[in-house]
Each structure stands twice: as C-alpha cells, then as structure tokens.
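Chemist: Just so it is clear, I am handing over run-v3.txt, which has compact mmCIF, C-alpha atoms and all ligand atoms.
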# COMPACT_ATOMS: atom_id res chain seq x y z
CA MET A 18 -14.51 1.88 -1.69
CA THR A 19 -15.01 1.17 1.98
CA ALA A 20 -15.05 -2.61 1.90
CA ALA A 21 -12.90 -4.96 3.93
CA VAL A 22 -10.10 -6.58 1.96
CA SER A 23 -9.70 -10.33 1.49
CA SER A 24 -6.59 -12.09 2.67
CA LEU A 25 -3.83 -12.70 0.14
CA SER A 26 -4.71 -16.36 -0.14
CA GLU A 27 -8.24 -15.46 -1.23
CA ALA A 28 -7.12 -12.96 -3.82
CA ARG A 29 -8.34 -13.74 -7.33
CA THR A 30 -8.63 -11.32 -10.19
CA VAL A 31 -12.06 -9.82 -10.77
CA PRO A 32 -13.44 -10.90 -14.18
CA LEU A 33 -12.75 -8.32 -16.91
CA ARG A 34 -10.25 -6.36 -14.77
CA GLU A 35 -7.41 -6.11 -17.29
CA CYS A 36 -4.27 -4.00 -16.95
CA GLY A 37 -4.90 -2.58 -20.43
CA SER A 38 -3.05 0.71 -20.73
CA CYS A 39 -1.91 0.66 -17.08
CA THR A 40 1.76 -0.04 -16.38
CA LEU A 41 2.16 1.86 -13.11
CA CYS A 42 3.46 -1.11 -11.08
CA CYS A 43 6.40 -1.22 -13.55
CA LYS A 44 7.37 2.23 -12.25
CA VAL A 45 6.61 2.36 -8.54
CA TYR A 46 8.11 -0.96 -7.35
CA ASN A 47 11.62 -2.31 -7.29
CA VAL A 48 12.25 -5.64 -9.05
CA VAL A 49 14.98 -7.52 -7.23
CA GLU A 50 15.62 -9.96 -10.08
CA LEU A 51 16.33 -7.09 -12.49
CA GLY A 52 18.11 -4.77 -10.06
CA LYS A 53 15.38 -2.24 -10.88
CA ALA A 54 14.92 0.61 -8.39
CA ALA A 55 11.49 1.71 -7.12
CA GLY A 56 10.07 4.94 -8.57
CA LYS A 57 11.68 4.66 -12.00
CA TRP A 58 10.28 3.02 -15.12
CA CYS A 59 11.56 -0.49 -15.78
CA SER A 60 13.76 -0.53 -18.88
CA HIS A 61 11.51 -3.30 -20.28
CA CYS A 62 8.34 -1.22 -19.95
CA LYS A 63 6.69 0.82 -22.65
CA PRO A 64 4.62 3.13 -20.40
CA GLY A 65 0.95 2.95 -21.28
CA ARG A 66 1.52 -0.07 -23.53
CA GLY A 67 3.04 -2.85 -21.45
CA CYS A 68 5.98 -5.11 -20.86
CA THR A 69 8.27 -5.98 -23.77
CA ILE A 70 9.43 -9.26 -22.18
CA HIS A 71 6.09 -10.68 -21.07
CA ASP A 72 7.03 -14.16 -22.35
CA ASN A 73 10.05 -14.11 -20.03
CA LEU A 74 8.84 -12.25 -16.95
CA PRO A 75 10.71 -12.19 -13.65
CA ASP A 76 8.79 -14.32 -11.14
CA GLU A 77 7.91 -11.29 -8.98
CA CYS A 78 6.26 -9.61 -11.98
CA ALA A 79 4.44 -12.75 -13.08
CA ALA A 80 2.98 -13.22 -9.58
CA PHE A 81 1.87 -9.61 -9.12
CA ASN A 82 -1.69 -8.29 -9.12
CA CYS A 83 -2.66 -5.00 -7.52
CA LEU A 84 -5.79 -4.73 -5.35
CA TRP A 85 -7.66 -2.95 -8.14
CA LYS A 86 -7.52 -6.26 -10.03
CA THR A 87 -8.55 -8.44 -7.09
CA MET A 88 -10.95 -6.33 -5.03
CA PRO A 89 -14.43 -6.01 -6.60
CA SER A 90 -15.35 -2.90 -4.58
CA MET A 91 -12.56 -0.83 -6.14
CA SER A 92 -14.17 1.20 -8.90
CA MET A 93 -12.66 2.20 -12.24
CA GLN A 94 -11.48 5.51 -10.78
CA TRP A 95 -9.06 3.44 -8.68
CA LYS A 96 -7.43 1.93 -11.74
CA PRO A 97 -3.79 2.82 -11.03
CA ASP A 98 -3.16 4.70 -14.27
CA GLN A 99 -6.09 6.98 -13.33
CA SER A 100 -5.63 7.22 -9.55
CA LYS A 101 -1.80 7.34 -9.77
CA MET A 102 -1.67 4.90 -6.83
CA VAL A 103 -1.05 1.15 -6.69
CA LEU A 104 -2.69 -0.63 -3.76
CA THR A 105 -1.50 -4.00 -2.48
CA LEU A 106 -1.64 -6.14 0.62
CA HIS A 107 1.93 -6.20 1.92
CA PRO A 108 2.84 -9.90 2.19
CA GLY A 109 4.90 -9.43 5.37
CA THR A 110 2.47 -7.33 7.41
CA ASN A 111 -0.90 -7.76 5.63
CA ASN A 112 -1.18 -3.95 5.72
CA ILE A 113 -2.72 -2.15 2.76
CA HIS A 114 0.09 -0.27 1.04
CA VAL A 115 -0.88 2.68 -1.15
CA VAL A 116 2.18 3.28 -3.31
CA VAL A 117 1.92 6.67 -5.00
CA ASP A 118 3.35 7.58 -8.40
CA PRO A 119 6.28 9.89 -7.49
CA GLY A 120 5.30 11.94 -10.56
CA LEU A 121 2.14 13.03 -8.66
CA PRO A 122 3.04 12.75 -4.96
CA SER A 123 -0.17 14.49 -3.84
CA ALA A 124 -2.39 11.91 -5.58
CA TRP A 125 -3.58 10.35 -2.31
CA THR A 126 -4.74 13.71 -0.89
CA ARG A 127 -7.25 14.32 -3.70
CA GLU A 128 -10.94 13.56 -3.42
CA PRO A 129 -12.66 11.20 -3.72
CA TYR A 130 -9.51 9.18 -3.01
CA HIS A 131 -8.57 10.57 0.38
CA GLY A 132 -12.05 10.12 1.84
CA GLN A 133 -12.19 6.58 0.49
CA LEU A 134 -8.78 5.74 2.00
CA ARG A 135 -10.16 6.87 5.37
CA GLY A 136 -13.15 4.57 4.76
CA LEU A 137 -10.82 1.71 3.86
CA SER A 138 -8.95 2.30 7.13
CA LYS A 139 -12.18 2.28 9.12
CA ALA A 140 -13.36 -0.96 7.51
CA ASN A 141 -10.06 -2.80 7.95
CA MET A 142 -8.23 -1.56 11.05
CA ALA A 143 -9.99 -3.94 13.43
CA LYS A 144 -8.98 -6.82 11.12
CA GLY A 145 -5.32 -5.82 11.47
CA HIS A 146 -4.94 -4.25 8.02
CA LEU A 147 -3.53 -0.74 8.45
CA VAL A 148 -3.62 1.66 5.50
CA VAL A 149 -0.12 3.07 4.83
CA VAL A 150 0.55 5.58 2.04
CA LEU A 151 4.07 5.57 0.59
CA VAL A 152 5.52 8.33 -1.57
CA ASN A 153 8.95 6.91 -2.27
CA GLU A 154 9.91 6.00 1.33
CA GLN A 155 7.85 8.74 3.02
CA GLY A 156 5.08 7.00 4.91
CA THR A 157 1.71 8.28 6.13
CA LEU A 158 -0.63 6.18 8.24
CA ILE A 159 -4.28 6.73 7.31
CA LEU A 160 -6.53 6.35 10.34
CA PRO A 161 -10.34 6.55 10.11
CA ASP A 162 -10.31 10.18 11.29
CA GLN A 163 -6.80 11.56 10.71
CA ASP A 164 -3.51 11.06 8.86
CA VAL A 165 -0.30 10.43 10.81
CA PRO A 166 3.03 11.24 9.09
CA LEU A 167 5.48 8.39 9.75
CA GLY A 168 8.60 9.86 8.13
CA ILE A 169 10.92 7.55 6.22
CA LEU A 170 9.55 4.01 6.41
CA LYS A 171 12.00 1.30 5.42
CA PRO A 172 10.82 -2.07 4.05
CA GLU A 173 12.21 -3.81 7.13
CA GLN A 174 10.12 -1.65 9.48
CA ALA A 175 6.67 -2.54 10.78
CA VAL A 176 3.86 -0.27 12.02
CA SER A 177 1.37 -1.09 14.75
CA VAL A 178 -1.66 0.79 16.09
CA THR A 179 -3.47 0.12 19.34
CA LEU A 180 -6.65 1.93 20.27
CA GLU A 181 -6.47 2.71 23.99
CA ALA A 182 -8.75 4.44 26.46
CA GLY A 183 -7.49 7.87 27.56
CA PRO A 184 -8.80 10.32 30.19
CA ASN A 185 -10.68 12.28 27.50
CA GLY A 186 -11.62 9.44 25.16
CA GLY A 187 -9.82 7.00 22.86
CA VAL A 188 -6.17 7.41 21.86
CA TYR A 189 -4.34 5.74 18.95
CA ASP A 190 -0.95 4.46 20.12
CA VAL A 191 1.20 4.31 16.95
CA LYS A 192 4.50 2.44 17.02
CA ILE A 193 7.19 1.77 14.42
CA PHE A 194 9.45 -1.24 14.91
CA ASN A 195 12.68 -2.32 13.27
CA ARG A 196 12.49 -5.99 12.32
CA ARG A 197 15.75 -7.85 12.80
CA THR A 198 16.48 -11.40 11.77
CA THR A 199 18.59 -13.25 14.30
CA ALA A 200 19.67 -16.85 14.73
CA ASP A 201 16.60 -17.31 16.98
CA GLY A 202 14.16 -15.88 14.45
CA GLN A 203 12.82 -12.37 14.10
CA THR A 204 12.91 -9.67 16.76
CA LEU A 205 11.14 -6.32 16.86
CA GLU A 206 12.88 -3.24 18.28
CA LEU A 207 10.89 -0.10 18.95
CA ALA A 208 12.08 2.73 16.68
CA ALA A 209 9.42 5.43 17.26
CA ALA A 210 6.12 5.92 19.08
CA SER A 211 3.44 8.60 19.11
CA ARG A 212 -0.08 9.01 20.53
CA HIS A 213 -3.02 10.61 18.73
CA PRO A 214 -6.39 11.36 20.36
CA VAL A 215 -9.36 9.99 18.45
CA ARG A 216 -11.18 12.91 16.86
CA SER A 217 -14.89 13.30 17.28
CA ALA A 218 -15.44 13.07 13.51
CA ALA A 219 -14.23 9.42 13.49
S1 LIG A 301 -0.79 -1.53 -11.30
FE1 LIG A 301 -2.37 -3.12 -11.40
S2 LIG A 301 -3.64 -2.62 -13.20
FE2 LIG A 301 -1.72 -1.46 -13.35
S3 LIG A 301 -0.37 -2.75 -14.61
FE3 LIG A 301 0.07 -3.24 -12.47
S4 LIG A 301 -1.27 -4.98 -11.97
FE4 LIG A 301 -2.05 -4.05 -13.88
S1 LIG A 302 9.89 -6.84 -16.43
FE1 LIG A 302 8.01 -6.23 -17.47
S2 LIG A 302 6.37 -6.58 -15.94
FE2 LIG A 302 8.34 -6.55 -14.84
S3 LIG A 302 8.59 -4.43 -14.15
FE3 LIG A 302 9.65 -4.64 -16.12
S4 LIG A 302 8.15 -4.02 -17.65
FE4 LIG A 302 7.03 -4.42 -15.76
Could you render the structure from this file as structure tokens?
Modeler:
Amino acid sequence: MTAAVSSLSEARTVPLRECGSCTLCCKVYNVVELGKAAGKWCSHCKPGRGCTIHDNLPDECAAFNCLWKTMPSMSMQWKPDQSKMVLTLHPGTNNIHVVVDPGLPSAWTREPYHGQLRGLSKANMAKGHLVVVLVNEQGTLILPDQDVPLGILKPEQAVSVTLEAGPNGGVYDVKIFNRRTTADGQTLELAAASRHPVRSAA
C-alpha cells in the first residue's frame, strides 16, 4: 500500500468494498449531530453488525467512507476491523489521518502496517498529503524514514513539513500551527517547531 491517494473530489467506493462486519468508524470518530464523543461506541451501533438507525442516519455518517473503501491499493488487511485503524483524507488539510482504535493503541506500529504507512508517506508527501497517526488526540507524524511524536494534536491545529537543505544533508522542518478564525478570515499561529535530519535509510 504505497500508492498516492486521490483527492477527496475523486473519491468513489471501490466495487465490492462493503463495510460488512466493520463498524470501527462508529467508535473512533465523534458525531457532532449526536453529541457522540470520539473513541467510544455510538449508542446506535451494534459492534460488528452495524448501525441500528441506518434509515435515519446523521448527515456526517451518511457521507462517510474511509480510504479502505475508496482506495483500490488498500488490501483486505487494511480493512479497519482487521487493521484496527481508520484512514481518511482530512477535509480541512488533505492530510491522511490514521485514526487508531483506542482499544489497540499500538496497532499502527505493527508490521506490515508500519512499513506501509512509511511507504504511504513517501508516495504522498510531495503532493502535500502528510500521514498523521492519531491515538485519541496523541499525534505522530509518519515521515518516509522516521516517526515524529507531535504530542496532543487538536482538531483546530495544522501540521506542515518542509524539506530543507542542511550542512550534513536534508532536514525535515516540522511545524504545528493553531488555526484561528477572525473577522478577516483564518490565521495561523505557530505553536511548536522541530527539525529532524533525513536518515540515510529514507
Ligand atoms: S471504517 Fe470504513 S469499512 Fe469500517 S464501517 Fe466505517 S466506512 Fe465501513
Ligand atoms: S449513527 Fe449509526 S452510522 Fe452513525 S456513528 Fe452511530 S452507529 Fe455509526
């Protein structure tokens, strides 16, 4: 699973990719319309069986498809009820969010998943899609050759990476910004920054 992702507007479900027994998105995400918190099962979900109100779904549920359903290169082992991770393109940043089942917070560190997340980073970073793992609000940025802990990452924060030339080779310049909405639009305020030398294995 090293392919580049399509933009949200191109996303269509892959034929025969059905949710089936998977209900993981009903656990890991919040649902504003229902006041449902992230990381806990929705009260309308029968885990492993499905939604009990699918004729009357909140709009955010009706519109949702994870990347496993829309990205042909994601194999069956990435089906969220097997991988314990739900991948999406974040609509605000176009980053690839890997939202981990809090019941198995180490899921993203297992192989073959971790190696494939590095491959996904390598294939998509130049296109502006960063790969960000979230276990609850703990974020980790997956770079092609290393993982960078980001600490608590709030939904209103944005991550950027610039690859710069350093005296001993390339350096990733990682920044976290707070996004603020003002009368003039949106502003970005720097919240944290760190630099990480590119490793030779990249
Ligand atoms: S995580 Fe994906 S496969 Fe699983 S129920 Fe949600 S949309 Fe379907
Ligand atoms: S309303 Fe249904 S689809 Fe939406 S989170 Fe709850 S169980 Fe899942």
Chemist: How would you report the residues lying within 10 Å of ligand LIG 302 (chain A), as a count of residues only, if you count all atoms listed in the file?
Modeler: 39
Chemist: Which residues form the shell of 8 Å around ligand LIG 301 (chain A) when you count all atoms listed in the file, given as a short mmCIF file (atom, residue, chain, number, x, y, z; two decimals) with C-alpha atoms, keeping the file's coordinate frame?
Modeler:
data_model
loop_
_atom_site.label_atom_id
_atom_site.label_comp_id
_atom_site.auth_asym_id
_atom_site.auth_seq_id
_atom_site.Cartn_x
_atom_site.Cartn_y
_atom_site.Cartn_z
CA ARG A 34 -10.25 -6.36 -14.77
CA GLU A 35 -7.41 -6.11 -17.29
CA CYS A 36 -4.27 -4.00 -16.95
CA GLY A 37 -4.90 -2.58 -20.43
CA SER A 38 -3.05 0.71 -20.73
CA CYS A 39 -1.91 0.66 -17.08
CA THR A 40 1.76 -0.04 -16.38
CA LEU A 41 2.16 1.86 -13.11
CA CYS A 42 3.46 -1.11 -11.08
CA CYS A 43 6.40 -1.22 -13.55
CA GLY A 67 3.04 -2.85 -21.45
CA PHE A 81 1.87 -9.61 -9.12
CA ASN A 82 -1.69 -8.29 -9.12
CA CYS A 83 -2.66 -5.00 -7.52
CA LEU A 84 -5.79 -4.73 -5.35
CA TRP A 85 -7.66 -2.95 -8.14
CA LYS A 86 -7.52 -6.26 -10.03
CA LYS A 96 -7.43 1.93 -11.74
CA PRO A 97 -3.79 2.82 -11.03
CA ASP A 98 -3.16 4.70 -14.27
CA MET A 102 -1.67 4.90 -6.83
CA VAL A 103 -1.05 1.15 -6.69
CA LEU A 104 -2.69 -0.63 -3.76
#
Chemist: For the contact check between stretch 143-175 of chain A and stretch 192-198 of chain A, emit one row per residue of stretch 143-175 of chain A within 12 Å, containing the shortest atom pair and the distance in Å rounded to one decimal, counting all atoms listed in the file, chain then rising number order, as a tab-separated table.
Modeler:
residue	atom	partner	partner_atom	distance
A:Gly156	CA	A:Ile193	CA	11.1
A:Thr157	CA	A:Ile193	CA	11.9
A:Leu158	CA	A:Lys192	CA	10.8
A:Val165	CA	A:Lys192	CA	11.2
A:Pro166	CA	A:Ile193	CA	11.6
A:Leu167	CA	A:Ile193	CA	8.3
A:Gly168	CA	A:Ile193	CA	10.3
A:Ile169	CA	A:Ile193	CA	10.7
A:Leu170	CA	A:Ile193	CA	8.6
A:Lys171	CA	A:Asn195	CA	8.7
A:Pro172	CA	A:Arg196	CA	9.3
A:Glu173	CA	A:Arg196	CA	5.6
A:Gln174	CA	A:Asn195	CA	4.6
A:Ala175	CA	A:Phe194	CA	5.1
Chemist: A:Ser92, A:Asn141, A:Asn153, A:Thr30: which is nearest A:Val115, counting only C-alpha atoms?
Modeler: A:Asn153
Chemist: For A:Asp164, please output as a VMD selection string all residues within 12 Å (counting all atoms listed in the file; exclusion window: fewer than 3 positions along the same chain).
Modeler: chain A and resid 125 to 126 131 to 132 134 to 135 138 147 to 150 156 to 161 167 189 191 213 to 216 219
Chemist: Starting from the incomplete input, reconstruct N, CA and C atoms of stretch 140-173 of chain A and report them as a compact mmCIF listing (two decimals), in the frame of the given file.
Modeler:
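Written file, out03.txt:
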# COMPACT_ATOMS: atom_id res chain seq x y z
N ALA A 140 -12.80 0.38 7.74
CA ALA A 140 -13.36 -0.96 7.51
C ALA A 140 -12.36 -2.07 7.82
N ASN A 141 -11.06 -1.73 7.86
CA ASN A 141 -10.06 -2.80 7.95
C ASN A 141 -9.16 -2.76 9.17
N MET A 142 -9.18 -1.67 9.93
CA MET A 142 -8.23 -1.56 11.05
C MET A 142 -8.46 -2.66 12.09
N ALA A 143 -9.71 -2.93 12.41
CA ALA A 143 -9.99 -3.94 13.43
C ALA A 143 -9.55 -5.33 12.97
N LYS A 144 -9.44 -5.52 11.65
CA LYS A 144 -8.98 -6.82 11.12
C LYS A 144 -7.47 -6.90 11.05
N GLY A 145 -6.78 -5.80 11.46
CA GLY A 145 -5.32 -5.82 11.47
C GLY A 145 -4.69 -5.32 10.19
N HIS A 146 -5.50 -4.82 9.25
CA HIS A 146 -4.94 -4.25 8.02
C HIS A 146 -4.87 -2.74 8.17
N LEU A 147 -3.69 -2.19 8.40
CA LEU A 147 -3.53 -0.74 8.45
C LEU A 147 -3.37 -0.21 7.03
N VAL A 148 -3.78 1.04 6.82
CA VAL A 148 -3.62 1.66 5.50
C VAL A 148 -2.41 2.61 5.58
N VAL A 149 -1.37 2.30 4.80
CA VAL A 149 -0.12 3.07 4.83
C VAL A 149 0.15 3.62 3.42
N VAL A 150 0.22 4.94 3.31
CA VAL A 150 0.55 5.58 2.04
C VAL A 150 2.07 5.73 1.96
N LEU A 151 2.63 5.41 0.80
CA LEU A 151 4.07 5.57 0.59
C LEU A 151 4.32 6.42 -0.64
N VAL A 152 5.03 7.54 -0.44
CA VAL A 152 5.52 8.33 -1.57
C VAL A 152 7.03 8.18 -1.51
N ASN A 153 7.59 7.42 -2.44
CA ASN A 153 8.95 6.91 -2.27
C ASN A 153 9.00 6.24 -0.89
N GLU A 154 9.88 6.68 0.02
CA GLU A 154 9.91 6.00 1.33
C GLU A 154 9.21 6.81 2.41
N GLN A 155 8.57 7.93 2.03
CA GLN A 155 7.85 8.74 3.02
C GLN A 155 6.51 8.08 3.31
N GLY A 156 6.30 7.69 4.56
CA GLY A 156 5.08 7.00 4.91
C GLY A 156 4.08 7.90 5.63
N THR A 157 2.80 7.63 5.39
CA THR A 157 1.71 8.28 6.13
C THR A 157 0.71 7.20 6.50
N LEU A 158 0.39 7.14 7.79
CA LEU A 158 -0.63 6.18 8.24
C LEU A 158 -1.99 6.85 8.15
N ILE A 159 -2.92 6.19 7.44
CA ILE A 159 -4.28 6.73 7.31
C ILE A 159 -5.14 6.06 8.38
N LEU A 160 -5.59 6.84 9.33
CA LEU A 160 -6.53 6.35 10.34
C LEU A 160 -7.94 6.77 9.92
N PRO A 161 -8.98 6.21 10.54
CA PRO A 161 -10.34 6.55 10.11
C PRO A 161 -10.65 8.04 10.18
N ASP A 162 -9.96 8.78 11.06
CA ASP A 162 -10.31 10.18 11.29
C ASP A 162 -9.15 11.15 11.15
N GLN A 163 -7.96 10.66 10.82
CA GLN A 163 -6.80 11.56 10.71
C GLN A 163 -5.66 10.82 10.00
N ASP A 164 -4.69 11.63 9.53
CA ASP A 164 -3.51 11.06 8.86
C ASP A 164 -2.30 11.31 9.77
N VAL A 165 -1.46 10.31 9.93
CA VAL A 165 -0.30 10.43 10.81
C VAL A 165 0.97 10.29 9.98
N PRO A 166 1.77 11.36 9.83
CA PRO A 166 3.03 11.24 9.09
C PRO A 166 3.98 10.30 9.84
N LEU A 167 4.58 9.37 9.12
CA LEU A 167 5.48 8.39 9.75
C LEU A 167 6.94 8.67 9.44
N GLY A 168 7.22 9.63 8.55
CA GLY A 168 8.60 9.86 8.13
C GLY A 168 9.06 8.77 7.19
N ILE A 169 10.37 8.60 7.10
CA ILE A 169 10.92 7.55 6.22
C ILE A 169 10.56 6.18 6.79
N LEU A 170 9.94 5.36 5.97
CA LEU A 170 9.55 4.01 6.41
C LEU A 170 10.29 3.00 5.54
N LYS A 171 11.19 2.28 6.16
CA LYS A 171 12.00 1.30 5.42
C LYS A 171 11.23 -0.02 5.29
N PRO A 172 11.53 -0.79 4.23
CA PRO A 172 10.82 -2.07 4.05
C PRO A 172 10.94 -2.99 5.26
N GLU A 173 12.04 -2.90 6.00
CA GLU A 173 12.21 -3.81 7.13
C GLU A 173 11.53 -3.30 8.40
